[in-house]
There are 4 protein chains.
Amino acid sequence: MPSRRVGAWLIGAKGGVATTMITGLAALARRALDPVGLVTATEPFAGLSLVDFPDIVVGGHDIRAGRLAAEAGKMWTQSRAIRPDLLADAADFFAAVESRLRPGTVVGAGDRIRAIAEQGAAVVVESPRQAIERIRSDIAAFAAAERLDHVVVVNLASTEPPPEWPIPRDVADLEPLLDEVATCPLPASSLYFLAAAEAGASYVNFTPSAGGTPACLQDVAVARGIAQAGCDGKTGETLLKSVLAPMFAARHLEVMSWVGHNIFGNMDGQVLDDPRNKAAKVRSKDHLLASILGYAPQTHVSIEYIASMGDWKTAWDHVHFRGFLGTPMTLQFTWQGCDSILAAPLVLDLVRLVERAWRGGERGGLDWLACFFKSPLGVTEQSFTEQVTMLHDWVERQPSASS
Amino acid sequence: MPSRRVGAWLIGAKGGVATTMITGLAALARRALDPVGLVTATEPFAGLSLVDFPDIVVGGHDIRAGRLAAEAGKMWTQSRAIRPDLLADAADFFAAVESRLRPGTVVGAGDRIRAIAEQGAAVVVESPRQAIERIRSDIAAFAAAERLDHVVVVNLASTEPPPEWPIPRDVADLEPLLDEVATCPLPASSLYFLAAAEAGASYVNFTPSAGGTPACLQDVAVARGIAQAGCDGKTGETLLKSVLAPMFAARHLEVMSWVGHNIFGNMDGQVLDDPRNKAAKVRSKDHLLASILGYAPQTHVSIEYIASMGDWKTAWDHVHFRGFLGTPMTLQFTWQGCDSILAAPLVLDLVRLVERAWRGGERGGLDWLACFFKSPLGVTEQSFTEQVTMLHDWVERQPSASS
Amino acid sequence: MPSRRVGAWLIGAKGGVATTMITGLAALARRALDPVGLVTATEPFAGLSLVDFPDIVVGGHDIRAGRLAAEAGKMWTQSRAIRPDLLADAADFFAAVESRLRPGTVVGAGDRIRAIAEQGAAVVVESPRQAIERIRSDIAAFAAAERLDHVVVVNLASTEPPPEWPIPRDVADLEPLLDEVATCPLPASSLYFLAAAEAGASYVNFTPSAGGTPACLQDVAVARGIAQAGCDGKTGETLLKSVLAPMFAARHLEVMSWVGHNIFGNMDGQVLDDPRNKAAKVRSKDHLLASILGYAPQTHVSIEYIASMGDWKTAWDHVHFRGFLGTPMTLQFTWQGCDSILAAPLVLDLVRLVERAWRGGERGGLDWLACFFKSPLGVTEQSFTEQVTMLHDWVERQPSASS
Amino acid sequence: MPSRRVGAWLIGAKGGVATTMITGLAALARRALDPVGLVTATEPFAGLSLVDFPDIVVGGHDIRAGRLAAEAGKMWTQSRAIRPDLLADAADFFAAVESRLRPGTVVGAGDRIRAIAEQGAAVVVESPRQAIERIRSDIAAFAAAERLDHVVVVNLASTEPPPEWPIPRDVADLEPLLDEVATCPLPASSLYFLAAAEAGASYVNFTPSAGGTPACLQDVAVARGIAQAGCDGKTGETLLKSVLAPMFAARHLEVMSWVGHNIFGNMDGQVLDDPRNKAAKVRSKDHLLASILGYAPQTHVSIEYIASMGDWKTAWDHVHFRGFLGTPMTLQFTWQGCDSILAAPLVLDLVRLVERAWRGGERGGLDWLACFFKSPLGVTEQSFTEQVTMLHDWVERQPSASS
């Protein structure tokens, strides 16, 4: 039986997460890399007949002008996070991916993104409806040219501001608003979602942007027969919160305050320097504590752009809690993680799992992928361990790989 | 129906954990304290008809000469960990408990403990058999005088050196060795265990000492119809390890090294300054990582006695791990916890849960109490969350409180 | 020779720093406290004939309604920072000081302070000129009633917003503006300064507020024959910056970024929650790095009000620097200090040193006190060690105590 | 006037510090590197006519068999501390230096070093006297072949155990002991020192080993007309101690305990795994606190070999101190520095400064170089800032460069 070919279509294909994922896939495809960091490379997933690395074809959209290899190179030159020999070895792979990249849209992407796009050559004046059609056509052409069995679109673009106007509950009410930028409440991430749905591609939202989350778009996913997962990859400080907060709850230790201070210096950081973009991110990072603890301690989350950090996100968290006899105590942690290095393998995991679920007949939101996300679609459970159990339960529900 | 009365017989009744537990129980019994830190005060345990705080009677053994109230007072004067008004309010309660304290044994307790005892007035020259009989008699007299339905003995004494000779597999082979200190392989904690078993009292080992762990003594527990739980309360750095290590495993992040450095200044710390005593403790803190991760990273655990810290145990952990593309990253945490404050409510939890299990007919080792211990009896699972699930599953197996 | 009596007149006499200073002075005056934390209690100052603790008389202004002892008590109940027995021992001393307290002014103090005052009973409707006269009269009456040889006024009030309009260079141009709140550019701290000057009292500004810093007021200090010192006591994170930054400079290590995140929960923190008040504070904390390093690294300073922290100010600083061959490295520190405990002995030091300098004939700004301040008056040197050398040089210039 | 040529003869020329220094010198000599980290590249040293980088010629001894370029490459492959392009650019320079390397001696170097040497090809059976003569001859041949005006020998070898027997006070008594390894109390570092002195080369001891410190050898330095400096380069945790401890002293804050925990993974770390070697190092790191503070707080210093860290030395320090009213507070810091990167530029600084001093007529120990060392020769001052002042005072005493 010939193997299946699966497309990974990346929105923000020249960003740190995407280029790290591409660099890694280049090495994995030629069996030159130990798959550390890939959840799907661990034992429980061995029998699932997930798509193999050489059978994943990457394309995507971006609004930046730079060359893909040059953007990937920043992970070495600015961040010392990817060894230069790995980048050199991926040169042919970068060239192949680059030939499949298309200009993104800035419709609904916010002023920060528009400014970045204007520095490039990629600005396209178009209506929301035209943007959807252009993107859909790009994805469909990709699938046809590469003879792909399925495409998974992954949103890796920078965080958008929250939508300014309410999005109609019914997709029929949305339809007439798509002709004018001025009247359309959908951000860019949702336009990409609609285009993916029309192209029959599944959709993963790795950011806190709206994407396919609005209720009317969740309906679209089901109607069009695609699977979707999201939102906002859980890679660092929030991952730790979702691991540590259940401990305080289980031991009946009262969290009085939880302060988190994040610094980093990649493009995401620059975009988050706009307070409107930052608001969406902070909300996604902050809401889980009350959900896990059952009460709301005082919290503070700050995210600051510090250029020298490059892709290294350092988080300092200070947890002030009260134990027996009211005695106050403290847990502090410092997380020094490289954002793109932590996120990139999860993108590969999600492409493999979403495709597998779609192949198995699942449509709409995949709630058992909650452990990958800060704001999981359709799930209130925020404890990481409980979420991992949801994932393992799904694995056990699958027919064995021999089928 | 008159309420049940339960005895909590503490070995090391003048130590920090015991005096903190007693101070708290004094306040809980008169409904003057919010039960923060008590696991059994959370919602899942509400319907279990656990023994209520006013119905717990405390007695115990110690080898120290000081007055109980004065020992408890050190938690304020040396550590600023218990508010002085709480200590003052417990004065009558301290006096009542003190009237029930009996001199402990130094047989098999190691040189450090013997030296401390010799500063007091409590040294008793006796054979192991005489020690067992004396302790048994103390516990039985306590149960009779206070008209107790059941007694739970809790070992809170300082960590012993590991036994120097092998302990026979069969209790019949042990019997003839009990007449001479020189021939008896049992440490003090195991003598206390045997005395408890002969008195029909259940036994909780909150330390890494041998206690009822040797196989022949586990047989004794079943034969005598008592329940037991242990070993070594999980309160700080090890708790965090058992919470964080599963995250690295779930995300397929490779832990290269995990270093833990602990400083504290209470009597436990002084006793651990003896390398033989420390060896037992470090082993108990260090073994779980390989069990959770499935491979053995380089580890280092140090415990140092720093007098100025008093009962505050500060742990600094440095976790060096490798992610996607082999990129090294770091998690550091600093835990500033007060050892006795963290441990004391768990002692109350264990008294309540062990008595409840014994009342329900359970005998021998209670493996579903694993989440309380660093080295849980009869359990290989080391992930804290999985252990908490074992506890909650037990709760759900119980008939409702109305029965 | 009878000893000199010196007045310490505190603006903000019910705040944390003031009440801590008063609690300590009560104990020092009866020789019941080891003077840890007092710079002037170290050996180099032994021969200076500084005013002795029993000869310091405390009075002051505040805008709060609470009782002094109750406000002082918060250092125990909210912060566990002062032992309750020390507070109890100071009861008579508190009563005596309280009899010397007078209502403060809210003219020019900003909306936050006005709101706090309105909760009390202390609001006084008055013009700036009336405020100056009322305050001057309070200070003069204090000096007369207590037969004081000199009074030192110390500004310990919460940080004010920066002045909204420019302050005239010439005091003659200021004069006609004092009749109306609406036309007066002087903040409350400067009104207190003018009142002190007219009363012949020296002035210490322990805050970043304007106080006697404006050039026309520096002229007033000289003209009226008073000494002054300021601004903004250097007690925690900034102290460490002024100690550590010279090391990076001396070793030619390039600081790329220096991030400082501060959390605390006292009234200062609440006042700083107003962005205008915070701006003045952050500026005072942030400017010294460029001065010491000779270039401006990227910096970020945040200050957040976290109620559970009480008077404990925890600062996390992340210093990202580059060494030989461009290799990036990191220094992080966590400072867990109690703000009032660190500041209060410095207030006593400053009262003693400013009075001694005034007694020795010094008038106007005392630049050799730079080591006590974040923004030292008339000094560009920001290295703490160099500033300490300035202080020791002054000591050596004094005639011996026997004169 | 033709420029002077100066030799830098490195003991341990294939170690991390040496290879990093060589890599950097290769780049500095061709003006391809910003001299960050070099103290002598800052403004105060501009007029001293120090030897210029292209005029420094490197040779040395080592006991290892590996190729120099391969050893240098470990700073990239094991530690990610030197960019691979800098290593590639230095290839010719490495080859030139390698041609000047000679086999070291293992006489008096301790079992650990002997074991490493035996893995190589460099073991030489010789008496102490033969070793001195062989080394002297190597240095003299180097000076002649390269037409050097002066040679500075720098000891960069791993820490030795302390000498086992007392070293005679008088060099005449030492003389007869040099014929037998079994009777000679001198460690290898002192044999190298004697060889340097006989070759007329100055000597810098960058390690805590004995080197030229014994009194009889200090006499030799003067008699032979060489300059010397040492001991033990101050690059990380100890540097911070010497910067921070004076702050606690100046503010009269009482340090109750100071705990330092160091982890690193380079060859120094492996050598320090031998407790006898470690003892010398810990003593050098620990003694300065009492000297600066004027009293001895409880201290603890640990150094552990953690392989994954490579050349990155991470230190966690916990300073527990007491302020006003006896309130305990805490400062913690984490230093993440690369040992060789921090040390290498100081080696270049010392070669330049020692040669300049020797050229200016200075002989024997150079105490004004104290700021570079943990255990400065002939100096009790331990405050870093005071030591920096000593260095700057020396600079000001020099005749201007134009002379």
# chains A, B, ... in the order shown; residues from 1 in each chain; ligands from 1
$ interface_residues --of "chain B" --to "chain C" --cutoff "12 Å" --atoms "only C-alpha atoms" --output "number ranges by chain"
B: 76-77, 79-85, 332-334, 336
$ select_by_dssp --residues "range 73-246 of chain A" --states "strand (DSSP E)" --output "ChimeraX atom specification"
/A:101-103,150-155,202-205,227-230
$ residues_around --residues "Asp34 in chain C" --least-positions-apart "3" --cutoff "12 Å" --atoms "only C-alpha atoms" --output "short mmCIF file (atom, residue, chain, number, x, y, z; two decimals) with all heavy atoms, in the first residue's frame"
data_model
loop_
_atom_site.label_atom_id
_atom_site.label_comp_id
_atom_site.auth_asym_id
_atom_site.auth_seq_id
_atom_site.Cartn_x
_atom_site.Cartn_y
_atom_site.Cartn_z
N GLY C 24 11.51 50.99 66.58
CA GLY C 24 12.91 50.73 66.85
C GLY C 24 13.51 51.75 67.80
O GLY C 24 14.28 51.40 68.71
N LEU C 25 13.15 53.01 67.61
CA LEU C 25 13.70 54.06 68.47
C LEU C 25 13.27 53.84 69.92
O LEU C 25 14.06 54.04 70.86
CB LEU C 25 13.24 55.44 67.98
CG LEU C 25 13.80 56.64 68.74
CD1 LEU C 25 15.34 56.65 68.69
CD2 LEU C 25 13.24 57.95 68.16
N ALA C 27 12.88 51.05 71.37
CA ALA C 27 13.75 50.01 71.94
C ALA C 27 15.19 50.48 72.08
O ALA C 27 15.87 50.18 73.07
CB ALA C 27 13.68 48.75 71.07
N LEU C 28 15.65 51.25 71.10
CA LEU C 28 17.04 51.75 71.17
C LEU C 28 17.20 52.73 72.33
O LEU C 28 18.24 52.74 73.01
CB LEU C 28 17.40 52.46 69.85
CG LEU C 28 17.57 51.55 68.62
CD1 LEU C 28 17.56 52.38 67.35
CD2 LEU C 28 18.86 50.75 68.72
N ALA C 29 16.16 53.54 72.57
CA ALA C 29 16.27 54.56 73.62
C ALA C 29 16.39 53.92 75.00
O ALA C 29 16.99 54.51 75.91
CB ALA C 29 15.05 55.49 73.56
N ARG C 30 15.83 52.74 75.16
CA ARG C 30 15.98 52.07 76.45
C ARG C 30 17.03 50.96 76.38
O ARG C 30 17.07 50.07 77.24
CB ARG C 30 14.64 51.54 76.98
CG ARG C 30 13.92 50.56 76.12
CD ARG C 30 12.67 49.97 76.83
NE ARG C 30 12.35 48.71 76.20
CZ ARG C 30 11.66 48.59 75.06
NH1 ARG C 30 11.20 49.66 74.45
NH2 ARG C 30 11.45 47.40 74.54
N ARG C 31 17.90 51.05 75.38
CA ARG C 31 19.05 50.13 75.22
C ARG C 31 18.60 48.67 75.18
O ARG C 31 19.23 47.79 75.76
CB ARG C 31 20.06 50.29 76.38
CG ARG C 31 20.40 51.72 76.76
CD ARG C 31 21.19 52.41 75.67
NE ARG C 31 21.57 53.78 76.10
CZ ARG C 31 21.79 54.76 75.24
NH1 ARG C 31 21.67 54.58 73.94
NH2 ARG C 31 22.14 55.96 75.67
N GLY C 37 21.46 47.25 61.19
CA GLY C 37 20.83 48.02 60.12
C GLY C 37 21.11 49.51 60.18
O GLY C 37 20.86 50.22 59.21
N LEU C 38 21.64 49.98 61.28
CA LEU C 38 21.98 51.40 61.42
C LEU C 38 23.42 51.62 60.99
O LEU C 38 24.36 51.15 61.64
CB LEU C 38 21.84 51.85 62.88
CG LEU C 38 20.44 52.28 63.32
CD1 LEU C 38 20.31 52.16 64.81
CD2 LEU C 38 20.18 53.73 62.88
N ALA C 41 25.71 53.20 63.56
CA ALA C 41 26.12 52.40 64.72
C ALA C 41 27.38 51.59 64.43
O ALA C 41 27.82 50.81 65.27
CB ALA C 41 24.98 51.47 65.14
N THR C 42 27.97 51.77 63.24
CA THR C 42 29.22 51.05 62.96
C THR C 42 30.40 51.89 63.39
O THR C 42 30.29 53.09 63.66
CB THR C 42 29.33 50.69 61.46
OG1 THR C 42 29.25 51.90 60.70
CG2 THR C 42 28.20 49.77 61.03
N PRO C 345 15.99 52.25 59.69
CA PRO C 345 17.24 52.65 60.34
C PRO C 345 17.97 53.73 59.56
O PRO C 345 18.67 54.55 60.17
CB PRO C 345 18.04 51.33 60.37
CG PRO C 345 17.46 50.47 59.31
CD PRO C 345 16.00 50.84 59.26
N HIS D 252 25.38 47.65 57.54
CA HIS D 252 25.24 47.06 58.88
C HIS D 252 24.12 46.02 58.93
O HIS D 252 23.40 45.89 59.92
CB HIS D 252 25.00 48.16 59.93
CG HIS D 252 25.30 47.73 61.34
ND1 HIS D 252 24.97 48.50 62.44
CD2 HIS D 252 25.89 46.62 61.84
CE1 HIS D 252 25.34 47.88 63.54
NE2 HIS D 252 25.90 46.75 63.21
N LEU D 253 24.00 45.28 57.83
CA LEU D 253 23.06 44.16 57.79
C LEU D 253 23.85 42.91 58.15
O LEU D 253 24.94 42.67 57.61
CB LEU D 253 22.45 44.04 56.39
CG LEU D 253 21.64 45.27 55.96
CD1 LEU D 253 21.34 45.22 54.47
CD2 LEU D 253 20.34 45.37 56.77
N GLU D 254 23.33 42.13 59.08
CA GLU D 254 24.10 41.00 59.62
C GLU D 254 23.87 39.74 58.79
O GLU D 254 22.78 39.17 58.80
CB GLU D 254 23.67 40.75 61.07
CG GLU D 254 24.45 39.61 61.72
CD GLU D 254 23.78 39.15 63.00
OE1 GLU D 254 22.93 39.90 63.54
OE2 GLU D 254 24.10 38.04 63.45
N ARG D 322 20.02 39.53 58.55
CA ARG D 322 19.14 40.10 59.56
C ARG D 322 19.26 41.62 59.49
O ARG D 322 20.36 42.16 59.45
CB ARG D 322 19.59 39.60 60.92
CG ARG D 322 18.71 39.99 62.05
CD ARG D 322 18.67 38.92 63.14
NE ARG D 322 19.99 38.48 63.57
CZ ARG D 322 20.19 37.42 64.36
NH1 ARG D 322 19.15 36.70 64.78
NH2 ARG D 322 21.40 37.08 64.72
N GLY D 323 18.10 42.29 59.48
CA GLY D 323 18.10 43.75 59.45
C GLY D 323 17.58 44.33 60.75
O GLY D 323 17.59 43.67 61.80
N PHE D 324 17.10 45.54 60.65
CA PHE D 324 16.58 46.30 61.80
C PHE D 324 15.53 45.47 62.54
O PHE D 324 14.75 44.75 61.93
CB PHE D 324 15.96 47.59 61.26
CG PHE D 324 15.74 48.67 62.27
CD1 PHE D 324 16.74 49.05 63.16
CD2 PHE D 324 14.51 49.34 62.34
CE1 PHE D 324 16.54 50.07 64.09
CE2 PHE D 324 14.30 50.36 63.25
CZ PHE D 324 15.31 50.72 64.14
N LEU D 325 15.53 45.56 63.85
CA LEU D 325 14.58 44.85 64.71
C LEU D 325 14.75 43.33 64.60
O LEU D 325 13.87 42.58 64.99
CB LEU D 325 13.14 45.25 64.39
CG LEU D 325 12.83 46.75 64.46
CD1 LEU D 325 11.39 47.01 64.03
CD2 LEU D 325 13.08 47.29 65.86
N GLY D 326 15.88 42.90 64.06
CA GLY D 326 16.16 41.47 63.97
C GLY D 326 15.43 40.74 62.86
O GLY D 326 15.47 39.50 62.80
N THR D 327 14.79 41.48 61.96
CA THR D 327 13.98 40.83 60.92
C THR D 327 14.85 40.10 59.89
O THR D 327 15.73 40.72 59.29
CB THR D 327 13.11 41.89 60.21
OG1 THR D 327 12.34 42.57 61.21
CG2 THR D 327 12.18 41.25 59.19
#
$ residues_around --residues "range 146-150 of chain D" --least-positions-apart "6" --cutoff "7 Å" --atoms "only C-alpha atoms" --output "VMD selection string"
chain D and resid 4 to 7 201
$ residues_around --residues "Gly310 in chain D" --least-positions-apart "4" --cutoff "8 Å" --atoms "only C-alpha atoms" --output "compact mmCIF listing (two decimals) with C-alpha atoms, in the first residue's frame"
# COMPACT_ATOMS: atom_id res chain seq x y z
CA GLN D 78 29.93 20.38 24.44
CA SER D 79 29.06 23.85 25.68
CA PHE D 264 29.54 22.60 36.12
CA GLY D 265 30.73 19.97 33.71
CA ASN D 266 34.17 20.73 32.31
CA ILE D 306 27.29 17.75 36.36
$ residues_around --residues "Gly294 in chain C" --least-positions-apart "5" --cutoff "12 Å" --atoms "only C-alpha atoms" --output "PyMOL selection string"
(chain C and resi 245-246+248-250+252+254-255+287-289+381-382) or (chain D and resi 42-43)
$ residues_around --residues "Ala143 in chain D" --least-positions-apart "2" --cutoff "12 Å" --atoms "only C-alpha atoms" --output "VMD selection string"
chain D and resid 5 to 9 56 to 60 100 136 to 141 145 to 153 196 199 to 201
$ write_last_selection --atoms "C-alpha atoms" --output "PDB file, in the first residue's frame"
ATOM      1  CA  ARG D   5      57.208  40.694  21.212  1.00  0.00           C
ATOM      2  CA  VAL D   6      55.893  38.957  24.314  1.00  0.00           C
ATOM      3  CA  GLY D   7      55.415  35.253  24.944  1.00  0.00           C
ATOM      4  CA  ALA D   8      52.426  33.799  26.749  1.00  0.00           C
ATOM      5  CA  TRP D   9      53.451  30.305  27.869  1.00  0.00           C
ATOM      6  CA  ILE D  56      51.698  38.130  21.715  1.00  0.00           C
ATOM      7  CA  VAL D  57      53.070  34.686  20.833  1.00  0.00           C
ATOM      8  CA  VAL D  58      51.507  31.653  22.494  1.00  0.00           C
ATOM      9  CA  GLY D  59      53.146  28.364  23.450  1.00  0.00           C
ATOM     10  CA  GLY D  60      52.864  26.035  26.405  1.00  0.00           C
ATOM     11  CA  ARG D 100      55.003  25.359  20.027  1.00  0.00           C
ATOM     12  CA  ARG D 136      63.102  25.631  31.729  1.00  0.00           C
ATOM     13  CA  SER D 137      64.696  24.480  28.538  1.00  0.00           C
ATOM     14  CA  ASP D 138      61.327  24.460  26.714  1.00  0.00           C
ATOM     15  CA  ILE D 139      60.607  28.033  27.796  1.00  0.00           C
ATOM     16  CA  ALA D 140      64.076  29.241  26.894  1.00  0.00           C
ATOM     17  CA  ALA D 141      63.908  27.624  23.477  1.00  0.00           C
ATOM     18  CA  ALA D 145      63.039  30.827  18.540  1.00  0.00           C
ATOM     19  CA  GLU D 146      60.392  33.561  18.620  1.00  0.00           C
ATOM     20  CA  ARG D 147      62.843  36.363  19.534  1.00  0.00           C
ATOM     21  CA  LEU D 148      60.704  37.385  22.519  1.00  0.00           C
ATOM     22  CA  ASP D 149      61.481  40.346  24.752  1.00  0.00           C
ATOM     23  CA  HIS D 150      59.817  38.644  27.716  1.00  0.00           C
ATOM     24  CA  VAL D 151      57.810  35.543  28.500  1.00  0.00           C
ATOM     25  CA  VAL D 152      54.916  35.317  30.972  1.00  0.00           C
ATOM     26  CA  VAL D 153      54.124  31.793  32.137  1.00  0.00           C
ATOM     27  CA  ALA D 196      59.966  29.852  34.782  1.00  0.00           C
ATOM     28  CA  ALA D 199      64.280  30.948  32.457  1.00  0.00           C
ATOM     29  CA  GLY D 200      63.715  34.568  33.558  1.00  0.00           C
ATOM     30  CA  ALA D 201      60.015  34.340  32.755  1.00  0.00           C
TER      31      ALA D 201
END
$ atom_distance --atom1 "CA of Leu342 in chain B" --atom2 "CA of His261 in chain D"
25.0 Å
$ atom_distance --atom1 "CA of Gly16 in chain C" --atom2 "CA of Ala69 in chain C"
11.4 Å
$ atom_distance --atom1 "CA of Leu10 in chain C" --atom2 "CA of Asp349 in chain C"
13.9 Å
$ closest_residue --among "B:Val319, B:Leu33, B:Leu68, B:Leu186" --to "Ala96 in chain B" --atoms "only C-alpha atoms"
B:Leu68
